[in-house]
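Visitor: Got a structure for you, upload_33.pdb, holding PDB, C-alpha atoms.
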ATOM      1  CA  MET A1040       6.453  54.961  -5.250
ATOM      2  CA  LEU A1041       7.221  55.624  -1.612
ATOM      3  CA  TYR A1042      10.766  56.779  -2.346
ATOM      4  CA  GLU A1043      10.249  58.382  -5.783
ATOM      5  CA  LEU A1044       7.253  60.523  -4.824
ATOM      6  CA  TRP A1045       8.084  61.267  -1.209
ATOM      7  CA  PRO A1046       6.775  63.354   0.577
ATOM      8  CA  ASP A1047       3.616  63.450  -1.527
ATOM      9  CA  VAL A1048       2.885  59.736  -0.822
ATOM     10  CA  LYS A1049       1.730  59.005   2.696
ATOM     11  CA  PRO A1050       1.552  55.314   3.788
ATOM     12  CA  HIS A1051      -1.763  54.217   5.172
ATOM     13  CA  GLN A1052      -2.405  50.793   6.733
ATOM     14  CA  GLN A1053      -5.700  49.053   6.165
ATOM     15  CA  HIS A1054      -6.750  46.032   8.251
ATOM     16  CA  LEU A1055      -9.308  43.355   7.488
ATOM     17  CA  ASN A1056     -10.720  41.423  10.385
ATOM     18  CA  ALA A1057     -11.396  37.783   9.440
ATOM     19  CA  ARG A1058     -12.230  34.633  11.302
ATOM     20  CA  LEU A1059     -12.459  30.993  10.340
ATOM     21  CA  GLY A1060     -15.883  29.738   9.411
ATOM     22  CA  ILE A1061     -17.373  26.742  11.180
ATOM     23  CA  THR A1062     -17.590  23.686   8.925
ATOM     24  CA  ALA A1063     -20.543  21.437   9.662
ATOM     25  CA  ALA A1064     -19.899  17.710   9.895
ATOM     26  CA  LEU A1065     -20.629  15.862   6.669
ATOM     27  CA  ASP A1066     -23.712  13.681   6.569
ATOM     28  CA  LEU A1067     -23.121  11.165   3.776
ATOM     29  CA  GLN A1068     -25.940   8.641   3.942
ATOM     30  CA  LYS A1069     -25.084   5.231   2.497
ATOM     31  CA  GLU A1070     -28.543   4.804   1.028
ATOM     32  CA  THR A1071     -27.964   7.787  -1.279
ATOM     33  CA  LEU A1072     -24.813   6.131  -2.639
ATOM     34  CA  GLN A1073     -26.210   2.615  -2.901
ATOM     35  CA  THR A1074     -26.109   2.655  -6.707
ATOM     36  CA  ALA A1075     -22.380   3.376  -6.557
ATOM     37  CA  LEU A1076     -21.915   0.629  -3.967
ATOM     38  CA  LEU A1077     -23.695  -1.916  -6.171
ATOM     39  CA  LYS A1078     -21.082  -1.334  -8.882
ATOM     40  CA  TYR A1079     -18.877  -3.476  -6.673
ATOM     41  CA  THR A1080     -21.230  -6.454  -7.091
ATOM     42  CA  ASP A1081     -21.759  -8.799 -10.045
ATOM     43  CA  ASN A1082     -24.727  -7.636 -12.097
ATOM     44  CA  GLY A1083     -24.631  -9.455 -15.416
ATOM     45  CA  GLU A1084     -20.913  -8.780 -15.668
ATOM     46  CA  PRO A1085     -17.993  -9.105 -13.221
ATOM     47  CA  ALA A1086     -18.034  -6.526 -10.456
ATOM     48  CA  ARG A1087     -15.491  -3.795 -10.025
ATOM     49  CA  ALA A1088     -12.985  -5.332  -7.595
ATOM     50  CA  LEU A1089     -11.934  -3.831  -4.278
ATOM     51  CA  SER A1090      -8.301  -3.986  -3.196
ATOM     52  CA  PRO A1091      -6.838  -4.471   0.283
ATOM     53  CA  SER A1092      -5.889  -0.779   0.138
ATOM     54  CA  ALA A1093      -9.558   0.106  -0.429
ATOM     55  CA  LEU A1094     -10.581  -2.005   2.574
ATOM     56  CA  ASN A1095      -7.903  -0.354   4.698
ATOM     57  CA  THR A1096      -9.318   3.002   3.592
ATOM     58  CA  TRP A1097     -12.807   1.860   4.658
ATOM     59  CA  LEU A1098     -11.509   0.924   8.090
ATOM     60  CA  HIS A1099      -9.484   4.130   8.368
ATOM     61  CA  CYS A1100     -12.181   6.615   7.282
ATOM     62  CA  ARG A1101     -15.524   5.862   5.616
ATOM     63  CA  THR A1102     -15.781   9.425   4.295
ATOM     64  CA  GLN A1103     -12.459   9.070   2.507
ATOM     65  CA  PHE A1104     -13.640   5.734   1.084
ATOM     66  CA  ALA A1105     -16.830   7.386  -0.195
ATOM     67  CA  PHE A1106     -14.976  10.222  -1.923
ATOM     68  CA  ARG A1107     -12.401   7.947  -3.542
ATOM     69  CA  TYR A1108     -14.348   4.803  -4.423
ATOM     70  CA  LEU A1109     -18.019   5.843  -4.615
ATOM     71  CA  VAL A1110     -18.202   9.495  -5.641
ATOM     72  CA  GLY A1111     -15.052   9.177  -7.748
ATOM     73  CA  ILE A1112     -13.320  12.369  -6.639
ATOM     74  CA  LYS A1113      -9.653  12.036  -7.448
ATOM     75  CA  GLU A1114      -7.083  13.423  -5.076
ATOM     76  CA  PRO A1115      -5.197  16.350  -6.649
ATOM     77  CA  ASP A1116      -1.941  15.558  -8.415
ATOM     78  CA  GLU A1117       0.971  17.665  -7.288
ATOM     79  CA  VAL A1118       3.778  18.536  -9.675
ATOM     80  CA  GLN A1119       7.006  17.277  -8.116
ATOM     81  CA  GLU A1120      10.194  19.117  -8.932
ATOM     82  CA  ASP A1121      12.171  17.128  -6.387
ATOM     83  CA  VAL A1122      12.770  13.433  -5.785
ATOM     84  CA  ASP A1123      10.941  13.217  -2.473
ATOM     85  CA  SER A1124       9.584  10.598  -0.089
ATOM     86  CA  SER A1125       6.275  10.303  -1.963
ATOM     87  CA  ILE A1126       7.983   8.454  -4.829
ATOM     88  CA  PHE A1127      10.569   6.632  -2.703
ATOM     89  CA  GLY A1128       8.536   3.421  -2.405
ATOM     90  CA  LEU A1129       7.471   3.416  -6.058
ATOM     91  CA  LEU A1130      11.060   3.817  -7.176
ATOM     92  CA  MET A1131      12.318   1.059  -4.893
ATOM     93  CA  HIS A1132       9.631  -1.329  -6.185
ATOM     94  CA  GLN A1133      10.559  -0.528  -9.792
ATOM     95  CA  VAL A1134      14.291  -1.116  -9.226
ATOM     96  CA  LEU A1135      13.641  -4.496  -7.581
ATOM     97  CA  GLN A1136      11.183  -5.490 -10.295
ATOM     98  CA  ASN A1137      13.711  -4.632 -13.010
ATOM     99  CA  PHE A1138      16.468  -6.477 -11.171
ATOM    100  CA  TYR A1139      14.617  -9.767 -10.789
ATOM    101  CA  GLU A1140      12.969  -9.601 -14.208
ATOM    102  CA  GLU A1141      16.474 -10.104 -15.588
ATOM    103  CA  TYR A1142      16.330 -13.626 -14.132
ATOM    104  CA  GLY A1143      12.919 -14.545 -15.508
ATOM    105  CA  GLU A1144      10.224 -16.585 -13.793
ATOM    106  CA  GLY A1145      11.372 -19.976 -12.568
ATOM    107  CA  ALA A1146      15.054 -19.012 -12.580
ATOM    108  CA  GLU A1147      17.222 -19.747  -9.570
ATOM    109  CA  VAL A1148      18.658 -16.793  -7.673
ATOM    110  CA  THR A1149      21.987 -17.340  -5.934
ATOM    111  CA  LYS A1150      24.213 -15.106  -3.847
ATOM    112  CA  GLU A1151      26.835 -15.204  -6.592
ATOM    113  CA  SER A1152      24.388 -14.256  -9.355
ATOM    114  CA  ILE A1153      23.149 -11.239  -7.368
ATOM    115  CA  GLU A1154      26.709 -10.032  -6.860
ATOM    116  CA  GLN A1155      27.492 -10.582 -10.543
ATOM    117  CA  LYS A1156      24.519  -8.499 -11.659
ATOM    118  CA  LEU A1157      25.574  -5.662  -9.357
ATOM    119  CA  THR A1158      29.008  -5.581 -10.963
ATOM    120  CA  GLU A1159      27.399  -5.432 -14.427
ATOM    121  CA  LEU A1160      25.234  -2.437 -13.534
ATOM    122  CA  PRO A1161      25.715  -0.605 -10.202
ATOM    123  CA  LEU A1162      22.664   0.060  -8.057
ATOM    124  CA  LEU A1163      22.683   3.848  -8.394
ATOM    125  CA  GLN A1164      22.606   3.477 -12.165
ATOM    126  CA  ARG A1165      19.702   1.048 -11.811
ATOM    127  CA  VAL A1166      17.847   3.632  -9.713
ATOM    128  CA  ILE A1167      18.390   6.285 -12.388
ATOM    129  CA  VAL A1168      17.104   3.899 -15.089
ATOM    130  CA  ALA A1169      14.007   3.130 -12.988
ATOM    131  CA  TYR A1170      13.369   6.850 -12.424
ATOM    132  CA  GLN A1171      13.597   7.506 -16.162
ATOM    133  CA  GLN A1172      11.108   4.687 -16.812
ATOM    134  CA  LYS A1173       8.554   6.192 -14.455
ATOM    135  CA  TYR A1174       9.122   9.951 -14.538
ATOM    136  CA  GLY A1175      11.356  10.861 -17.469
ATOM    137  CA  VAL A1176      14.591  12.826 -17.212
ATOM    138  CA  VAL A1177      16.227  12.659 -13.793
ATOM    139  CA  PRO A1178      16.631  16.154 -12.244
ATOM    140  CA  PHE A1179      20.009  15.169 -10.799
ATOM    141  CA  LEU A1180      20.665  18.278  -8.709
ATOM    142  CA  GLY A1181      22.290  18.175  -5.304
ATOM    143  CA  ARG A1182      18.959  18.188  -3.463
ATOM    144  CA  ASN A1183      17.752  15.233  -5.553
ATOM    145  CA  SER A1184      20.852  13.065  -5.462
ATOM    146  CA  MET A1185      20.406  12.214  -1.776
ATOM    147  CA  PRO A1186      16.974  10.477  -2.171
ATOM    148  CA  LEU A1187      18.317   8.560  -5.187
ATOM    149  CA  HIS A1188      21.241   7.336  -3.108
ATOM    150  CA  MET A1189      18.807   6.429  -0.307
ATOM    151  CA  VAL A1190      16.750   4.289  -2.707
ATOM    152  CA  ALA A1191      19.950   2.589  -3.872
ATOM    153  CA  GLU A1192      20.923   1.914  -0.252
ATOM    154  CA  MET A1193      17.491   0.474   0.587
ATOM    155  CA  VAL A1194      17.536  -1.799  -2.476
ATOM    156  CA  ASN A1195      21.053  -2.880  -1.535
ATOM    157  CA  GLN A1196      19.802  -3.925   1.910
ATOM    158  CA  VAL A1197      16.957  -5.911   0.352
ATOM    159  CA  LEU A1198      19.511  -7.690  -1.830
ATOM    160  CA  GLU A1199      21.711  -8.370   1.206
ATOM    161  CA  VAL A1200      18.733 -10.064   2.869
ATOM    162  CA  ASP A1201      18.050 -11.956  -0.359
ATOM    163  CA  LYS A1202      21.656 -13.143  -0.548
ATOM    164  CA  ALA A1203      21.315 -14.553   2.960
ATOM    165  CA  HIS A1204      18.061 -16.290   1.918
ATOM    166  CA  ALA A1205      19.469 -17.622  -1.387
ATOM    167  CA  PRO A1206      19.284 -19.897  -3.231
ATOM    168  CA  PHE A1207      15.617 -19.458  -4.145
ATOM    169  CA  SER A1208      13.604 -19.278  -7.359
ATOM    170  CA  ILE A1209      11.405 -16.510  -8.718
ATOM    171  CA  VAL A1210       7.779 -17.631  -9.069
ATOM    172  CA  GLY A1211       6.288 -14.276 -10.051
ATOM    173  CA  LEU A1212       6.813 -10.508  -9.950
ATOM    174  CA  GLU A1213       4.150  -7.798  -9.683
ATOM    175  CA  LYS A1214       1.289 -10.280 -10.166
ATOM    176  CA  THR A1215      -2.398  -9.431  -9.765
ATOM    177  CA  PHE A1216      -4.852 -12.025  -8.401
ATOM    178  CA  ASP A1217      -8.567 -11.827  -7.709
ATOM    179  CA  MET A1218     -11.382 -13.870  -6.205
ATOM    180  CA  ALA A1219     -15.159 -13.743  -5.806
ATOM    181  CA  ILE A1220     -16.788 -13.651  -2.361
ATOM    182  CA  GLN A1221     -20.457 -14.271  -1.610
ATOM    183  CA  VAL A1222     -21.646 -11.489   0.702
ATOM    184  CA  PRO A1223     -24.967 -11.432   2.592
ATOM    185  CA  TYR A1224     -27.306  -8.761   1.220
ATOM    186  CA  GLY A1225     -30.945  -8.402   2.181
ATOM    187  CA  ASP A1226     -32.592 -11.837   2.072
ATOM    188  CA  GLY A1227     -29.932 -13.270  -0.219
ATOM    189  CA  THR A1228     -26.327 -12.706  -1.268
ATOM    190  CA  LYS A1229     -24.352 -10.599  -3.704
ATOM    191  CA  THR A1230     -21.083 -11.533  -5.383
ATOM    192  CA  MET A1231     -18.292  -9.086  -4.651
ATOM    193  CA  ARG A1232     -14.742  -9.298  -5.925
ATOM    194  CA  LEU A1233     -11.380  -8.708  -4.321
ATOM    195  CA  LYS A1234      -8.063  -8.170  -6.084
ATOM    196  CA  GLY A1235      -4.500  -7.767  -4.922
ATOM    197  CA  HIS A1236      -1.183  -6.878  -6.536
ATOM    198  CA  VAL A1237       1.694  -8.945  -5.108
ATOM    199  CA  ASP A1238       5.220  -7.516  -5.276
ATOM    200  CA  ARG A1239       7.011 -10.840  -5.406
ATOM    201  CA  ILE A1240       6.453 -14.581  -5.063
ATOM    202  CA  ASP A1241       9.490 -16.784  -4.546
ATOM    203  CA  GLU A1242      10.105 -20.401  -3.554
ATOM    204  CA  LYS A1243      12.713 -22.271  -1.539
ATOM    205  CA  ASN A1244      12.629 -25.890  -0.353
ATOM    206  CA  GLY A1245       8.924 -26.271  -1.127
ATOM    207  CA  GLU A1246       7.946 -23.039   0.678
ATOM    208  CA  VAL A1247       6.298 -20.332  -1.402
ATOM    209  CA  ARG A1248       6.647 -16.829   0.027
ATOM    210  CA  VAL A1249       4.073 -14.165  -0.806
ATOM    211  CA  LEU A1250       6.259 -11.117  -0.290
ATOM    212  CA  ASP A1251       5.401  -7.440   0.091
ATOM    213  CA  TYR A1252       7.900  -4.548   0.238
ATOM    214  CA  LYS A1253       7.146  -1.735   2.694
ATOM    215  CA  THR A1254       9.138   1.497   3.054
ATOM    216  CA  GLY A1255       7.142   3.100   5.889
ATOM    217  CA  LYS A1256       6.887   2.390   9.601
ATOM    218  CA  ASP A1257       5.131  -0.944   9.143
ATOM    219  CA  THR A1258       5.936  -3.878  11.417
ATOM    220  CA  ARG A1259       5.557  -7.640  11.005
ATOM    221  CA  ALA A1260       3.838  -8.269  14.334
ATOM    222  CA  PHE A1261       0.128  -8.437  15.120
ATOM    223  CA  THR A1262      -2.005 -10.062  17.809
ATOM    224  CA  THR A1263      -4.928 -11.844  16.143
ATOM    225  CA  ILE A1264      -6.448 -11.935  12.659
ATOM    226  CA  PRO A1265      -9.826 -10.454  13.761
ATOM    227  CA  GLU A1266      -8.029  -7.405  15.210
ATOM    228  CA  LEU A1267      -6.545  -6.669  11.786
ATOM    229  CA  PHE A1268     -10.087  -6.116  10.485
ATOM    230  CA  ASP A1269     -11.303  -4.086  13.496
ATOM    231  CA  ARG A1270     -11.165  -0.298  13.145
ATOM    232  CA  GLU A1271     -11.132   0.040  16.928
ATOM    233  CA  THR A1272      -7.783  -1.756  17.181
ATOM    234  CA  LYS A1273      -5.113   0.697  18.253
ATOM    235  CA  ASP A1274      -2.204   0.827  15.783
ATOM    236  CA  ARG A1275      -3.909  -1.735  13.563
ATOM    237  CA  ASN A1276      -1.304  -3.470  11.386
ATOM    238  CA  LYS A1277      -2.497  -2.585   7.886
ATOM    239  CA  ALA A1278       0.549  -4.143   6.203
ATOM    240  CA  ALA A1279      -0.019  -7.518   7.889
ATOM    241  CA  MET A1280      -3.693  -7.472   6.891
ATOM    242  CA  GLN A1281      -2.679  -6.700   3.319
ATOM    243  CA  VAL A1282      -0.146  -9.502   2.942
ATOM    244  CA  LEU A1283      -2.512 -12.043   4.535
ATOM    245  CA  ILE A1284      -5.140 -11.107   1.943
ATOM    246  CA  TYR A1285      -2.487 -11.434  -0.786
ATOM    247  CA  SER A1286      -1.652 -14.900   0.533
ATOM    248  CA  LEU A1287      -5.315 -15.894   0.419
ATOM    249  CA  LEU A1288      -5.658 -14.602  -3.148
ATOM    250  CA  TYR A1289      -2.511 -16.387  -4.287
ATOM    251  CA  ALA A1290      -3.440 -19.682  -2.637
ATOM    252  CA  ARG A1291      -6.981 -19.645  -4.086
ATOM    253  CA  ASN A1292      -5.709 -18.919  -7.590
ATOM    254  CA  ASN A1293      -2.923 -21.512  -7.544
ATOM    255  CA  ARG A1294      -4.383 -24.568  -5.816
ATOM    256  CA  GLU A1295      -3.248 -26.993  -8.506
ATOM    257  CA  THR A1296       0.274 -25.643  -8.974
ATOM    258  CA  LEU A1297       0.877 -25.421  -5.222
ATOM    259  CA  ASP A1298       0.227 -29.159  -4.869
ATOM    260  CA  GLY A1299       0.539 -29.153  -1.083
ATOM    261  CA  LYS A1300       3.411 -26.656  -0.886
ATOM    262  CA  ASN A1301       3.533 -24.348   2.110
ATOM    263  CA  VAL A1302       2.484 -20.698   1.536
ATOM    264  CA  ALA A1303       4.160 -18.174   3.829
ATOM    265  CA  PRO A1304       3.158 -14.478   4.076
ATOM    266  CA  ALA A1305       6.256 -12.276   4.307
ATOM    267  CA  LEU A1306       7.115  -8.583   4.713
ATOM    268  CA  TYR A1307      10.319  -6.779   3.852
ATOM    269  CA  ASN A1308       9.659  -3.735   6.027
ATOM    270  CA  SER A1309      12.285  -0.996   6.080
ATOM    271  CA  LYS A1310      11.812  -0.370   9.803
ATOM    272  CA  GLU A1311      13.329  -3.760  10.653
ATOM    273  CA  LEU A1312      15.202  -4.636   7.475
ATOM    274  CA  TYR A1313      18.563  -3.571   8.909
ATOM    275  CA  SER A1314      18.257  -5.628  12.100
ATOM    276  CA  LYS A1315      20.615  -8.566  12.582
ATOM    277  CA  SER A1316      19.253 -11.927  11.400
ATOM    278  CA  PHE A1317      16.253 -10.242   9.780
ATOM    279  CA  ASP A1318      13.353 -12.641   9.232
ATOM    280  CA  ALA A1319      10.528 -11.625   6.900
ATOM    281  CA  THR A1320       8.052 -13.933   8.669
ATOM    282  CA  LEU A1321       4.987 -12.360  10.312
ATOM    283  CA  SER A1322       4.393 -12.817  14.036
ATOM    284  CA  ALA A1323       0.897 -13.586  15.320
ATOM    285  CA  GLY A1324       0.995 -13.044  19.063
ATOM    286  CA  ASP A1325       3.940 -15.010  20.415
ATOM    287  CA  GLU A1326       4.168 -17.325  17.416
ATOM    288  CA  LYS A1327       5.736 -16.892  14.004
ATOM    289  CA  LEU A1328       3.363 -17.341  11.083
ATOM    290  CA  LEU A1329       5.520 -19.888   9.284
ATOM    291  CA  SER A1330       2.681 -21.021   7.036
ATOM    292  CA  PHE A1331      -0.715 -19.832   5.917
ATOM    293  CA  THR A1332      -2.840 -22.737   7.151
ATOM    294  CA  ALA A1333      -6.323 -23.728   6.004
ATOM    295  CA  VAL A1334      -7.718 -22.499   9.331
ATOM    296  CA  GLN A1335      -6.084 -19.084   8.928
ATOM    297  CA  SER A1336      -7.229 -18.913   5.306
ATOM    298  CA  GLU A1337     -10.841 -19.536   6.363
ATOM    299  CA  GLU A1338     -10.536 -16.983   9.152
ATOM    300  CA  VAL A1339      -9.238 -14.283   6.792
ATOM    301  CA  GLU A1340     -12.003 -15.061   4.282
ATOM    302  CA  GLN A1341     -14.671 -14.851   7.002
ATOM    303  CA  GLN A1342     -13.320 -11.517   8.203
ATOM    304  CA  LEU A1343     -13.352 -10.264   4.613
ATOM    305  CA  LYS A1344     -16.950 -11.420   4.206
ATOM    306  CA  ASN A1345     -17.964  -9.580   7.391
ATOM    307  CA  LEU A1346     -16.165  -6.434   6.265
ATOM    308  CA  LEU A1347     -17.652  -6.499   2.768
ATOM    309  CA  GLU A1348     -21.118  -7.012   4.256
ATOM    310  CA  GLU A1349     -20.575  -3.844   6.282
ATOM    311  CA  VAL A1350     -19.430  -1.970   3.163
ATOM    312  CA  LEU A1351     -22.378  -3.155   1.062
ATOM    313  CA  SER A1352     -25.086  -2.572   3.652
ATOM    314  CA  ALA A1353     -27.460   0.302   2.859
ATOM    315  CA  ASP A1354     -27.698   1.245   6.518
ATOM    316  CA  GLY A1355     -25.664   3.870   8.305
ATOM    317  CA  VAL A1356     -23.615   6.958   7.602
ATOM    318  CA  LEU A1357     -20.328   7.260   5.753
ATOM    319  CA  ASP A1358     -18.917   9.277   8.600
ATOM    320  CA  GLN A1359     -15.534  10.804   9.305
ATOM    321  CA  ARG A1360     -13.084   9.069  11.597
ATOM    322  CA  GLU A1361     -13.225  10.267  15.187
ATOM    323  CA  ASP A1362      -9.451  10.448  15.577
ATOM    324  CA  THR A1363      -8.160  13.344  13.470
ATOM    325  CA  LYS A1364      -4.583  12.018  13.482
ATOM    326  CA  GLY A1365      -3.365  11.999   9.902
ATOM    327  CA  CYS A1366      -6.255  14.086   8.558
ATOM    328  CA  GLU A1367      -3.871  16.919   7.683
ATOM    329  CA  TYR A1368      -2.285  14.639   5.061
ATOM    330  CA  CYS A1369      -5.585  13.586   3.481
ATOM    331  CA  GLY A1370      -6.263  14.887  -0.001
ATOM    332  CA  TYR A1371      -9.943  15.428   0.885
ATOM    333  CA  ALA A1372      -9.335  17.554   3.999
ATOM    334  CA  GLY A1373     -10.510  20.666   2.166
ATOM    335  CA  ILE A1374     -13.864  19.037   1.398
ATOM    336  CA  CYS A1375     -14.683  17.473   4.718
ATOM    337  CA  GLY A1376     -13.387  20.399   6.767
ATOM    338  CA  ARG A1377     -10.827  18.500   8.770
TER
END
Go ahead and render the structure in this file as C-alpha cells.

Guide:
Amino acid sequence: MLYELWPDVKPHQQHLNARLGITAALDLQKETLQTALLKYTDNGEPARALSPSALNTWLHCRTQFAFRYLVGIKEPDEVQEDVDSSIFGLLMHQVLQNFYEEYGEGAEVTKESIEQKLTELPLLQRVIVAYQQKYGVVPFLGRNSMPLHMVAEMVNQVLEVDKAHAPFSIVGLEKTFDMAIQVPYGDGTKTMRLKGHVDRIDEKNGEVRVLDYKTGKDTRAFTTIPELFDRETKDRNKAAMQVLIYSLLYARNNRETLDGKNVAPALYNSKELYSKSFDATLSAGDEKLLSFTAVQSEEVEQQLKNLLEEVLSADGVLDQREDTKGCEYCGYAGICGR
C-alpha cells in the first residue's frame, strides 16, 4: 500500500506502553489437597504408587510436585519436527532394550556375541528401527542425522563397556518393582507404595547389578545416604538416590531368588562412560559401593519413610523452590510465575 498509493498514504507510528505485571507467590496449602494426597495410601485397594522420580520432584520443588501428582495438570506436549536432545535418552534406552532382548533372560552375553550381533545389524540401523518403534517415520534430513549418529555412538560406547565386563547373563530388562511402606500418620500409620522401573539387571560371578542408564550430567559419587534425601544438599545426586531405591525394590522383591547373592547398584552415566577403565560402581564418600548391604538397605528405607511422612503430612505449604535455577525449563513456569 505504501508504494502503490504513494503519496496519498502517510506512515504513522503508534506506540503502546506496557510493563510486566507482578505475579504473587502461590500459596498452595497442603490441607486443601489432602484428599489428593490420600490417593497415595491404601484405602480398601492398593494405593497409587510414587516413583523415585516423583520423590526427586518433591525434593526439587513442592509446587511442581503438587501440579503434576496432586492437581493432575499435565505438562504441555510439544510437537517435535527434529530429533533433539529431549528424545536422546529415550531412544538410547530403546536401542539397548532391543539389543539385549535378542538374547533373552538368562542368556549369557559374551564379547564375541556382541560383536556378532553388530555385524548382523549395524548400530545406526538399530537406532532407526528404535525411532520407528517409538515415533514413526524417521525424518532423516541433514539436521536430524547428527543426533541419530550420536545415539548410535553412545550405544556403541555402552556396548564397549559391556564387552569389557563380559561374560555376564541378562537377569531382566525394563522391569518394574514395587513395595509397601508403613508411614506415620496422625496417631497411627498409613500404607504408601513405591515403584521403580529398572533399565537392566545382569549377573556375573554371583553379583547382581541393578543398572541404570543416564545420558545427562549425572555422576556416580555421593557423600552419605541421608544427604541424597535432603533438599538442602548442594548438587544432590538424584541419579544415585534413584538407583539405590531401585536396588532396594529389587532386593525386596527377589529375596528367595537372590539366595545370598550380592546386589550392586550401578550407573552407566554418559559423563564418565568414555573414561579409561570405566567402573559403573557408585562411590559413597571415599569408598566404592561394591554391594548393597543390609545396613544400607535399612538406611534407604528409613530415609524413604521420613520423606513419605513429610509428603503425607497435612501441615505446611506446597511452596516454590527458593533457588530459581532451572525454573525456566519447567513446564509449569507460566502458572507459578517463575

Visitor: Could you tell me, as a PyMOL selection string, exactly which residues end up selected when the PyMOL selection byres ((chain A and resi 1105) around 12) is applied to this structure?

Guide: chain A and resi 1065-1069+1071-1073+1075-1076+1093-1094+1096-1104+1106-1113+1350-1351+1356-1359+1371+1375

Visitor: With C-alpha atoms kept, could you save the residues just selected as a compact mmCIF listing (two decimals), in the frame of the given file?

Guide:
# COMPACT_ATOMS: atom_id res chain seq x y z
CA LEU A 1065 -20.63 15.86 6.67
CA ASP A 1066 -23.71 13.68 6.57
CA LEU A 1067 -23.12 11.16 3.78
CA GLN A 1068 -25.94 8.64 3.94
CA LYS A 1069 -25.08 5.23 2.50
CA THR A 1071 -27.96 7.79 -1.28
CA LEU A 1072 -24.81 6.13 -2.64
CA GLN A 1073 -26.21 2.62 -2.90
CA ALA A 1075 -22.38 3.38 -6.56
CA LEU A 1076 -21.92 0.63 -3.97
CA ALA A 1093 -9.56 0.11 -0.43
CA LEU A 1094 -10.58 -2.00 2.57
CA THR A 1096 -9.32 3.00 3.59
CA TRP A 1097 -12.81 1.86 4.66
CA LEU A 1098 -11.51 0.92 8.09
CA HIS A 1099 -9.48 4.13 8.37
CA CYS A 1100 -12.18 6.62 7.28
CA ARG A 1101 -15.52 5.86 5.62
CA THR A 1102 -15.78 9.43 4.30
CA GLN A 1103 -12.46 9.07 2.51
CA PHE A 1104 -13.64 5.73 1.08
CA PHE A 1106 -14.98 10.22 -1.92
CA ARG A 1107 -12.40 7.95 -3.54
CA TYR A 1108 -14.35 4.80 -4.42
CA LEU A 1109 -18.02 5.84 -4.62
CA VAL A 1110 -18.20 9.49 -5.64
CA GLY A 1111 -15.05 9.18 -7.75
CA ILE A 1112 -13.32 12.37 -6.64
CA LYS A 1113 -9.65 12.04 -7.45
CA VAL A 1350 -19.43 -1.97 3.16
CA LEU A 1351 -22.38 -3.16 1.06
CA VAL A 1356 -23.62 6.96 7.60
CA LEU A 1357 -20.33 7.26 5.75
CA ASP A 1358 -18.92 9.28 8.60
CA GLN A 1359 -15.53 10.80 9.30
CA TYR A 1371 -9.94 15.43 0.88
CA CYS A 1375 -14.68 17.47 4.72

Visitor: Residues within 6 Å of stretch 1142-1152 of chain A, please, as a short mmCIF file (atom, residue, chain, number, x, y, z; two decimals) with C-alpha atoms, in the frame of the given file. Count only C-alpha atoms; anything in the same chain fewer than 3 positions from it doesn't count.

Guide:
data_model
loop_
_atom_site.label_atom_id
_atom_site.label_comp_id
_atom_site.auth_asym_id
_atom_site.auth_seq_id
_atom_site.Cartn_x
_atom_site.Cartn_y
_atom_site.Cartn_z
CA TYR A 1139 14.62 -9.77 -10.79
CA GLN A 1155 27.49 -10.58 -10.54
CA LYS A 1202 21.66 -13.14 -0.55
CA ALA A 1205 19.47 -17.62 -1.39
CA PRO A 1206 19.28 -19.90 -3.23
CA PHE A 1207 15.62 -19.46 -4.14
CA SER A 1208 13.60 -19.28 -7.36
CA ILE A 1209 11.40 -16.51 -8.72
CA VAL A 1210 7.78 -17.63 -9.07
CA GLY A 1211 6.29 -14.28 -10.05
#

Visitor: Mind pulling up the distance from atom CA of A:Ala1169 to atom CA of A:Gln1133?

Guide: 6.0 Å

Visitor: Env of stretch 1221-1232 of chain A: 12 Å cut, atoms = all atoms listed in the file, seq-sep filter 5 positions within chain, self excluded. Answer as a PyMOL selection string.

Guide: chain A and resi 1076-1091+1094+1216+1288+1340-1354

Visitor: Find the residues near A:Tyr1368: any atom within 12 Å, counting only C-alpha atoms, skip ones fewer than 2 places away on the same chain, and give them as a list in words.

Guide: Gln1103, Glu1114, Ser1125, Thr1363, Lys1364, Gly1365, Cys1366, Gly1370, Tyr1371, Ala1372, Gly1373 and Arg1377 of chain A

Visitor: May I have the residues from that selection written out with C-alpha atoms, as a short mmCIF file (atom, residue, chain, number, x, y, z; two decimals), in the coordinates of the input?

Guide:
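out_16.cif, written as the output of this step:
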data_model
loop_
_atom_site.label_atom_id
_atom_site.label_comp_id
_atom_site.auth_asym_id
_atom_site.auth_seq_id
_atom_site.Cartn_x
_atom_site.Cartn_y
_atom_site.Cartn_z
CA GLN A 1103 -12.46 9.07 2.51
CA GLU A 1114 -7.08 13.42 -5.08
CA SER A 1125 6.28 10.30 -1.96
CA THR A 1363 -8.16 13.34 13.47
CA LYS A 1364 -4.58 12.02 13.48
CA GLY A 1365 -3.36 12.00 9.90
CA CYS A 1366 -6.26 14.09 8.56
CA GLY A 1370 -6.26 14.89 0.00
CA TYR A 1371 -9.94 15.43 0.88
CA ALA A 1372 -9.34 17.55 4.00
CA GLY A 1373 -10.51 20.67 2.17
CA ARG A 1377 -10.83 18.50 8.77
#

Visitor: Using all atoms of stretch 1327-1339 of chain A listed in the file and a margin of 4 Å per side, can you give the axis-aligned box centre and edge lengths in Å to one decimal, as JSON?

Guide:
{"center_x": -2.6, "center_y": -19.0, "center_z": 9.7, "size_x": 24.6, "size_y": 17.4, "size_z": 16.7}

Visitor: Between A:Glu1337, A:Glu1246, A:Asp1241, A:Glu1271, single out the one closest to A:Asp1201, counting all atoms listed in the file.

Guide: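 Of A:Glu1337, A:Glu1246, A:Asp1241, A:Glu1271, the one nearest A:Asp1201, counting all atoms listed in the file, is A:Asp1241.
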
Visitor: Once the PyMOL selection byres ((chain A and resi 1253) around 8) is applied to the coordinates I shared, what remains selected? I want it as a PyMOL selection string.

Guide: chain A and resi 1128+1251-1252+1254-1255+1257+1278+1306-1309

Visitor: Between atom CA of A:Val1166 and atom CA of A:Leu1198, what is the distance, to one decimal in Å?

Guide: 13.9 Å
